[in-house]
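Have a look at run.cif below; it lists mmCIF, C-alpha atoms and all ligand atoms.
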```cif
data_protein
loop_
_atom_site.label_atom_id
_atom_site.label_comp_id
_atom_site.auth_asym_id
_atom_site.auth_seq_id
_atom_site.Cartn_x
_atom_site.Cartn_y
_atom_site.Cartn_z
CA MET A 658 3.05 18.84 -13.19
CA ASN A 659 6.20 19.24 -15.22
CA ALA A 660 7.56 16.87 -17.80
CA SER A 661 10.46 15.76 -15.61
CA SER A 662 8.09 14.04 -13.22
CA SER A 663 7.42 11.34 -15.79
CA GLY A 664 11.11 10.48 -15.83
CA ASN A 665 12.97 7.69 -14.15
CA GLY A 666 13.17 9.17 -10.68
CA TYR A 667 9.49 8.64 -10.00
CA ALA A 668 7.72 5.55 -8.78
CA VAL A 669 4.28 7.16 -8.99
CA THR A 670 3.02 10.16 -10.92
CA ALA A 671 -0.70 10.64 -10.41
CA VAL A 672 -2.42 13.62 -11.99
CA ALA A 673 -6.04 14.57 -11.35
CA LEU A 674 -7.11 11.04 -10.51
CA THR A 675 -10.86 10.83 -10.24
CA LYS A 676 -12.93 7.75 -9.51
CA ILE A 677 -16.68 7.74 -9.73
CA TYR A 678 -18.57 4.67 -8.59
CA ARG A 679 -22.14 4.17 -9.64
CA ARG A 680 -24.59 2.75 -7.14
CA GLY A 681 -27.84 2.42 -9.01
CA ARG A 682 -28.69 5.97 -10.03
CA GLU A 683 -26.42 7.46 -7.44
CA GLN A 684 -22.85 8.45 -8.20
CA VAL A 685 -20.14 8.32 -5.57
CA ARG A 686 -17.12 10.47 -6.25
CA ALA A 687 -14.66 8.36 -4.28
CA LEU A 688 -11.64 10.26 -5.61
CA ASP A 689 -11.81 13.80 -6.84
CA ASN A 690 -8.83 15.25 -8.66
CA VAL A 691 -6.06 13.69 -6.63
CA THR A 692 -2.58 14.69 -7.70
CA PHE A 693 0.65 13.51 -6.14
CA GLU A 694 3.95 11.96 -6.96
CA ALA A 695 6.27 9.59 -5.19
CA ARG A 696 9.95 9.45 -5.95
CA LYS A 697 11.61 6.08 -6.09
CA GLY A 698 12.63 5.10 -2.59
CA GLU A 699 10.06 7.31 -0.85
CA PHE A 700 7.97 6.16 2.10
CA ILE A 701 4.58 7.87 2.03
CA ALA A 702 1.60 7.54 4.34
CA VAL A 703 -1.88 8.27 3.04
CA VAL A 704 -4.09 9.37 5.91
CA GLY A 705 -7.60 10.71 6.26
CA PRO A 706 -10.98 9.88 7.72
CA SER A 707 -12.93 6.79 6.81
CA GLY A 708 -14.56 7.11 3.40
CA ALA A 709 -11.99 9.67 2.21
CA GLY A 710 -10.99 7.49 -0.74
CA LYS A 711 -7.74 6.04 0.61
CA SER A 712 -8.45 2.44 -0.40
CA THR A 713 -9.77 3.58 -3.76
CA LEU A 714 -6.51 5.44 -4.37
CA LEU A 715 -4.38 2.50 -3.32
CA ASN A 716 -6.35 0.08 -5.50
CA ILE A 717 -5.79 2.35 -8.47
CA LEU A 718 -2.07 2.65 -7.70
CA GLY A 719 -1.99 -1.15 -7.47
CA CYS A 720 -3.63 -1.54 -10.91
CA MET A 721 -6.50 -3.38 -9.28
CA ASP A 722 -8.93 -0.71 -10.39
CA ALA A 723 -8.87 1.96 -13.10
CA PRO A 724 -9.56 5.67 -12.56
CA THR A 725 -12.60 7.24 -14.22
CA SER A 726 -10.30 10.06 -15.36
CA GLY A 727 -6.83 11.39 -14.73
CA THR A 728 -3.44 9.98 -15.57
CA LEU A 729 -1.17 7.60 -13.73
CA ARG A 730 2.39 6.56 -14.39
CA LEU A 731 4.02 3.81 -12.42
CA LEU A 732 7.81 3.61 -12.71
CA GLY A 733 7.53 5.72 -15.85
CA ASN A 734 4.87 3.50 -17.48
CA PRO A 735 1.55 5.10 -18.38
CA VAL A 736 -1.11 2.94 -16.78
CA GLU A 737 -4.53 4.43 -17.36
CA ASN A 738 -4.75 3.28 -20.99
CA ALA A 739 -2.73 0.10 -20.56
CA SER A 740 -4.32 -3.19 -21.56
CA GLU A 741 -5.51 -5.61 -18.91
CA GLN A 742 -2.52 -7.80 -19.72
CA GLU A 743 -0.04 -4.96 -19.25
CA ARG A 744 -1.67 -4.00 -15.97
CA THR A 745 -1.57 -7.59 -14.75
CA LEU A 746 2.11 -7.74 -15.56
CA LEU A 747 2.87 -4.49 -13.73
CA ARG A 748 0.84 -5.65 -10.74
CA ARG A 749 2.57 -9.01 -10.64
CA GLU A 750 6.15 -7.94 -11.29
CA ARG A 751 6.52 -4.42 -9.96
CA ILE A 752 4.01 -4.00 -7.15
CA GLY A 753 3.51 -5.77 -3.86
CA PHE A 754 0.24 -5.40 -1.98
CA VAL A 755 -0.44 -5.89 1.73
CA PHE A 756 -3.93 -5.88 3.22
CA GLN A 757 -5.38 -5.25 6.66
CA HIS A 758 -6.77 -8.79 6.82
CA PHE A 759 -3.57 -10.44 5.55
CA GLY A 760 -5.32 -12.45 2.80
CA LEU A 761 -3.39 -15.66 3.35
CA LEU A 762 -4.91 -18.82 1.91
CA PRO A 763 -5.80 -21.05 4.88
CA THR A 764 -5.18 -24.39 3.18
CA LEU A 765 -1.61 -23.53 2.14
CA THR A 766 1.41 -23.45 4.42
CA VAL A 767 3.12 -20.16 5.14
CA ALA A 768 5.92 -20.99 2.69
CA GLU A 769 3.38 -21.92 0.00
CA ASN A 770 1.50 -18.68 0.58
CA VAL A 771 4.72 -16.71 0.18
CA ALA A 772 5.58 -18.65 -2.99
CA LEU A 773 2.16 -18.19 -4.61
CA PRO A 774 2.84 -14.99 -6.61
CA ALA A 775 6.06 -16.58 -7.90
CA PHE A 776 4.06 -19.63 -8.94
CA PHE A 777 1.68 -17.42 -10.92
CA ALA A 778 4.70 -15.79 -12.53
CA ARG A 779 5.95 -19.30 -13.42
CA ARG A 780 9.01 -18.93 -11.29
CA ARG A 781 10.43 -21.41 -8.86
CA LEU A 782 11.93 -19.38 -6.11
CA ASP A 783 12.46 -21.77 -3.21
CA HIS A 784 15.64 -19.99 -2.15
CA ARG A 785 13.90 -16.64 -2.35
CA VAL A 786 11.01 -17.88 -0.19
CA LYS A 787 13.49 -19.13 2.39
CA GLU A 788 15.38 -15.83 2.31
CA LEU A 789 12.18 -13.81 2.70
CA LEU A 790 10.91 -15.93 5.59
CA GLU A 791 14.23 -15.26 7.28
CA LYS A 792 13.99 -11.56 6.56
CA VAL A 793 10.56 -11.28 8.19
CA GLY A 794 11.58 -13.51 11.10
CA LEU A 795 9.47 -16.53 10.14
CA SER A 796 12.07 -19.16 9.23
CA HIS A 797 10.61 -21.48 11.83
CA ARG A 798 7.04 -21.02 10.58
CA GLY A 799 7.29 -22.00 6.91
CA ARG A 800 5.53 -25.34 7.31
CA HIS A 801 2.76 -24.00 9.51
CA ARG A 802 -0.72 -23.08 8.34
CA PRO A 803 -1.82 -19.46 8.74
CA HIS A 804 -4.28 -20.26 11.57
CA GLU A 805 -1.33 -21.43 13.69
CA LEU A 806 0.26 -17.98 13.50
CA SER A 807 -0.30 -14.84 15.54
CA GLY A 808 -1.71 -11.76 13.79
CA GLY A 809 1.73 -10.17 13.59
CA GLU A 810 3.22 -13.33 12.10
CA MET A 811 0.40 -13.53 9.54
CA GLN A 812 1.09 -9.97 8.47
CA ARG A 813 4.82 -10.66 8.21
CA ALA A 814 4.03 -13.70 6.03
CA ALA A 815 1.80 -11.48 3.88
CA ILE A 816 4.63 -8.95 3.53
CA ALA A 817 7.03 -11.73 2.49
CA ARG A 818 4.47 -12.83 -0.09
CA ALA A 819 4.17 -9.27 -1.39
CA LEU A 820 7.95 -9.20 -1.92
CA VAL A 821 8.49 -12.56 -3.57
CA ASN A 822 8.52 -11.31 -7.16
CA GLY A 823 10.91 -8.48 -6.26
CA PRO A 824 8.57 -5.48 -6.60
CA GLN A 825 9.79 -1.88 -6.64
CA ILE A 826 6.68 -0.49 -4.99
CA LEU A 827 4.97 -1.82 -1.87
CA LEU A 828 1.39 -0.73 -1.27
CA ALA A 829 -0.22 -1.45 2.08
CA ASP A 830 -3.81 -0.72 3.15
CA GLU A 831 -4.05 -0.35 6.93
CA PRO A 832 -1.49 -3.09 7.52
CA THR A 833 -1.53 -2.66 11.29
CA GLY A 834 -5.31 -2.21 11.52
CA ASN A 835 -5.84 -5.69 12.94
CA LEU A 836 -2.83 -5.72 15.25
CA ASP A 837 -2.23 -4.51 18.79
CA SER A 838 0.18 -1.60 19.01
CA ALA A 839 3.23 -3.62 20.12
CA THR A 840 2.76 -6.06 17.24
CA GLY A 841 2.05 -3.16 14.91
CA ASN A 842 5.41 -1.70 15.87
CA THR A 843 7.24 -4.78 14.60
CA ILE A 844 5.48 -4.30 11.25
CA ILE A 845 6.45 -0.62 11.23
CA ASP A 846 10.09 -1.60 11.86
CA LEU A 847 9.92 -4.02 8.95
CA PHE A 848 8.55 -1.32 6.61
CA ARG A 849 11.30 1.03 7.77
CA GLN A 850 13.95 -1.56 7.04
CA LEU A 851 12.51 -2.34 3.60
CA ASN A 852 12.42 1.36 2.77
CA VAL A 853 16.03 1.84 3.86
CA GLU A 854 16.89 -0.99 1.47
CA GLY A 855 15.35 1.05 -1.35
CA LEU A 856 11.74 -0.10 -1.63
CA THR A 857 9.18 2.61 -2.40
CA ILE A 858 6.32 2.32 0.09
CA VAL A 859 2.86 3.85 0.04
CA VAL A 860 0.85 2.93 3.09
CA VAL A 861 -2.72 3.85 4.04
CA THR A 862 -3.00 4.06 7.78
CA HIS A 863 -4.84 5.32 10.85
CA ASN A 864 -1.90 4.36 13.03
CA PRO A 865 -0.07 7.52 14.16
CA ALA A 866 3.19 5.62 14.68
CA LEU A 867 3.11 4.23 11.15
CA ALA A 868 2.10 7.60 9.68
CA ALA A 869 5.01 9.16 11.53
CA ALA A 870 7.44 6.48 10.31
CA ALA A 871 6.72 7.53 6.73
CA ARG A 872 8.87 10.37 5.45
CA ARG A 873 5.87 12.23 4.00
CA GLN A 874 2.14 12.20 4.55
CA ILE A 875 -0.64 12.80 2.08
CA VAL A 876 -3.95 13.80 3.55
CA LEU A 877 -7.18 12.79 1.81
CA ARG A 878 -10.52 14.25 2.72
CA ASP A 879 -13.76 13.64 0.83
CA GLY A 880 -11.85 12.10 -2.03
CA THR A 881 -9.57 15.02 -2.59
CA ASN A 882 -6.09 15.89 -1.48
CA ALA A 883 -4.49 18.94 -0.04
CA PRO A 884 -1.12 19.90 -1.52
CA THR A 885 1.55 17.27 -1.03
CA GLY A 886 4.15 17.46 1.67
CA HIS A 887 1.63 18.04 4.44
CA VAL A 888 3.11 19.04 7.71
CA VAL A 889 2.80 16.78 10.70
CA HIS A 890 0.53 19.31 12.37
CA ASP A 891 -2.31 18.35 10.02
CA LEU A 892 -1.98 14.70 10.81
CA LYS A 893 -3.12 15.12 14.36
CA ALA A 894 -6.46 16.50 13.31
CA VAL A 895 -6.90 13.92 10.62
CA LEU A 896 -6.13 10.98 12.85
CA HIS A 897 -8.29 12.37 15.68
CA CYS A 898 -5.44 11.69 18.02
CA GLN A 899 -6.70 11.87 21.62
CA THR A 900 -3.48 11.17 23.42
CA SER A 901 -0.09 12.69 22.85
CA PRO A 902 1.18 11.66 19.46
CA PRO A 903 4.46 9.79 19.01
CA TRP A 904 5.81 12.39 16.64
CA PRO A 905 7.36 15.70 17.71
CA GLU A 906 4.97 18.60 18.13
CA ALA A 907 4.86 20.76 15.01
P1 LIG B 1 -11.38 4.85 2.73
O1 LIG B 1 -10.49 3.73 2.37
O2 LIG B 1 -10.69 6.17 2.86
O3 LIG B 1 -12.21 4.55 3.94
P2 LIG B 1 -12.79 4.17 0.29
O4 LIG B 1 -11.81 4.40 -0.79
O5 LIG B 1 -13.01 2.76 0.71
O6 LIG B 1 -12.43 5.08 1.54
O7 LIG B 1 -14.20 4.74 -0.16
C1 LIG B 1 -14.39 6.07 -0.63
C2 LIG B 1 -15.85 6.26 -1.00
O8 LIG B 1 -16.17 5.47 -2.13
C3 LIG B 1 -16.83 5.86 0.09
O9 LIG B 1 -17.93 6.73 0.05
C4 LIG B 1 -17.23 4.47 -0.32
O10 LIG B 1 -18.50 4.14 0.18
C5 LIG B 1 -17.22 4.57 -1.83
N1 LIG B 1 -16.90 3.28 -2.49
C6 LIG B 1 -15.76 2.57 -2.34
N2 LIG B 1 -15.79 1.47 -3.12
C7 LIG B 1 -16.99 1.49 -3.75
C8 LIG B 1 -17.63 0.63 -4.71
N3 LIG B 1 -17.02 -0.47 -5.17
N4 LIG B 1 -18.87 0.97 -5.16
C9 LIG B 1 -19.46 2.09 -4.71
N5 LIG B 1 -18.92 2.95 -3.82
C10 LIG B 1 -17.70 2.65 -3.36
MG MG B 2 -10.09 1.92 3.33
#
```

Now that the file is in, can you turn its structure into structure tokens?
Amino acid sequence: MNASSSGNGYAVTAVALTKIYRRGREQVRALDNVTFEARKGEFIAVVGPSGAGKSTLLNILGCMDAPTSGTLRLLGNPVENASEQERTLLRRERIGFVFQHFGLLPTLTVAENVALPAFFARRRLDHRVKELLEKVGLSHRGRHRPHELSGGEMQRAAIARALVNGPQILLADEPTGNLDSATGNTIIDLFRQLNVEGLTIVVVTHNPALAAAARRQIVLRDGTNAPTGHVVHDLKAVLHCQTSPPWPEA
């Protein structure tokens, strides 16, 4: 990796990331020497079979977990030796995270859920919450509780929440995994729109349509990655696509 990749044009520079979990006496090498970079404004899909280390990678990119070895820069900031406080700040201010199971708090309204990260950042962003609810098509749902929403609406609320502190990077772990394909498509459209507006997106997915919406795919297998810039051809095998894929044949 050359020195220029640590410069301002990069949202993520990950070099030789390795993560070893210990389970009793057993060691699990969840990530093994993963190297990739994402330019600012890129939209990348991380694909690969279950257990390949995709969530582990995303959690490390999201500063929710630390690598056992390797180096990581986010937006030019070295992360692997950062203090817990610095990592918390990066996570809160620069990174938005979206989960498969939405992670909305059931006792709060949709608007309160969206506002929560701003509250933790000691910001009052009522106008921003309103704006974001509009953006994700939930203006009419702000006072509802999550259980009154459809799955697609819950995920849109979760995306609004991920954006409330104005992050530069959006990380999403199987965001359409709990949605039917039509609903999933509305989420894909939203990611596309956010990316066009300049947000860097890294999404882990098994959804061929979402993987194809990304501009580049990274394939993980047994914790390790093939060279970046994988061609679409590889995706088919990785996603075990039975029917004809929505992307053009390679
Ligand atoms: P994926 O998201 O691609 O399905 P994961 O990143 O969740 O894969 O897991 C990669 C490997 O690491 C798996 O073998 C998994 O069992 C293991 N693993 C993940 N998290 C932990 C943990 N906290 N402790 C021990 N092993 C873990
Ligand atoms: Mg996973």

Point-to-point distance in Å for atom O8 of ligand LIG 1 (chain B) and CA of Gly681 (chain A): 13.9 Å

Selection: 12 Å around Leu806 (chain A), all atoms listed in the file, excl. self and same-chain fewer than 6 positions, as a VMD selection string: chain A and resid 759 761 763 766 to 767 795 797 to 800 812 to 815

Restricted to C-alpha atoms, what would the selected residues look like written as a short mmCIF file (atom, residue, chain, number, x, y, z; two decimals), in the frame of the given file?
```cif
data_model
loop_
_atom_site.label_atom_id
_atom_site.label_comp_id
_atom_site.auth_asym_id
_atom_site.auth_seq_id
_atom_site.Cartn_x
_atom_site.Cartn_y
_atom_site.Cartn_z
CA PHE A 759 -3.57 -10.44 5.55
CA LEU A 761 -3.39 -15.66 3.35
CA PRO A 763 -5.80 -21.05 4.88
CA THR A 766 1.41 -23.45 4.42
CA VAL A 767 3.12 -20.16 5.14
CA LEU A 795 9.47 -16.53 10.14
CA HIS A 797 10.61 -21.48 11.83
CA ARG A 798 7.04 -21.02 10.58
CA GLY A 799 7.29 -22.00 6.91
CA ARG A 800 5.53 -25.34 7.31
CA GLN A 812 1.09 -9.97 8.47
CA ARG A 813 4.82 -10.66 8.21
CA ALA A 814 4.03 -13.70 6.03
CA ALA A 815 1.80 -11.48 3.88
#
```

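The shortest atom-to-atom distance to ligand MG 2 (chain B), with all atoms listed in the file taken into account, belongs to A:Gly710 out of A:Ala871, A:Glu741, A:Gly710, A:Leu782.
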
Surrounding residues as a ChimeraX atom specification, ligand LIG 1 (chain B), max 10 Å, all atoms listed in the file: /A:676-681,683-688,703-717,722,830-831,861-863,877-880

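Between CA of Lys792 (chain A) and CA of Leu828 (chain A) the interatomic distance comes to 18.4 Å.
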
All residues 6 Å or closer to region 723-732 of chain A, only C-alpha atoms, same chain fewer than 2 positions away omitted, as number ranges by chain: A: 667-676, 717, 734-737

Taking C-alpha atoms for each residue, export the selection above as a short mmCIF file (atom, residue, chain, number, x, y, z; two decimals), in the coordinates of the input.
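Output file out_20.cif is given in full below:
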```cif
data_model
loop_
_atom_site.label_atom_id
_atom_site.label_comp_id
_atom_site.auth_asym_id
_atom_site.auth_seq_id
_atom_site.Cartn_x
_atom_site.Cartn_y
_atom_site.Cartn_z
CA TYR A 667 9.49 8.64 -10.00
CA ALA A 668 7.72 5.55 -8.78
CA VAL A 669 4.28 7.16 -8.99
CA THR A 670 3.02 10.16 -10.92
CA ALA A 671 -0.70 10.64 -10.41
CA VAL A 672 -2.42 13.62 -11.99
CA ALA A 673 -6.04 14.57 -11.35
CA LEU A 674 -7.11 11.04 -10.51
CA THR A 675 -10.86 10.83 -10.24
CA LYS A 676 -12.93 7.75 -9.51
CA ILE A 717 -5.79 2.35 -8.47
CA ASN A 734 4.87 3.50 -17.48
CA PRO A 735 1.55 5.10 -18.38
CA VAL A 736 -1.11 2.94 -16.78
CA GLU A 737 -4.53 4.43 -17.36
#
```

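The residue that comes closest to ligand MG 2 (chain B), out of A:Ala817, A:Cys720, A:Ala829, A:Leu847 and on the basis of all atoms listed in the file, is A:Ala829.
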
Residue list as a VMD selection string for point (-3.4, -2.6, 13.8), cut-off 10 Å, only C-alpha atoms: chain A and resid 757 to 758 808 to 809 831 to 842 844 862 to 864 867

Pick from A:Ile875, A:Val821, A:Val860, A:Ala772, whichever lies nearest to ligand MG 2 (chain B) using all atoms listed in the file: A:Val860

7 Å contact set for region 848-859 of chain A, only C-alpha atoms, chain neighbours under 5 positions out, as a ChimeraX atom specification: /A:697-702,825-829

Coordinates-based distance that separates CA of Arg748 (chain A) from CA of Glu769 (chain A) (Å, one decimal): 19.7 Å

For ligand MG 2 (chain B), the nearest of the candidates A:Leu765, A:Gln874, A:Gly666, A:Phe756, counting all atoms listed in the file: A:Phe756

Pick from A:Gly733, A:Asn770, A:Glu810, A:Ala819, whichever lies nearest to Phe754 (chain A) using only C-alpha atoms: A:Ala819

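Polymer residues near (12.0, -21.8, 1.2): counting only C-alpha atoms with a cut-off of 9 Å, they are Ala768, Glu769, Val771, Ala772, Leu782, Asp783, His784, Arg785, Val786, Lys787, Glu788, Leu789, Leu790, Ser796 and Gly799 of chain A.
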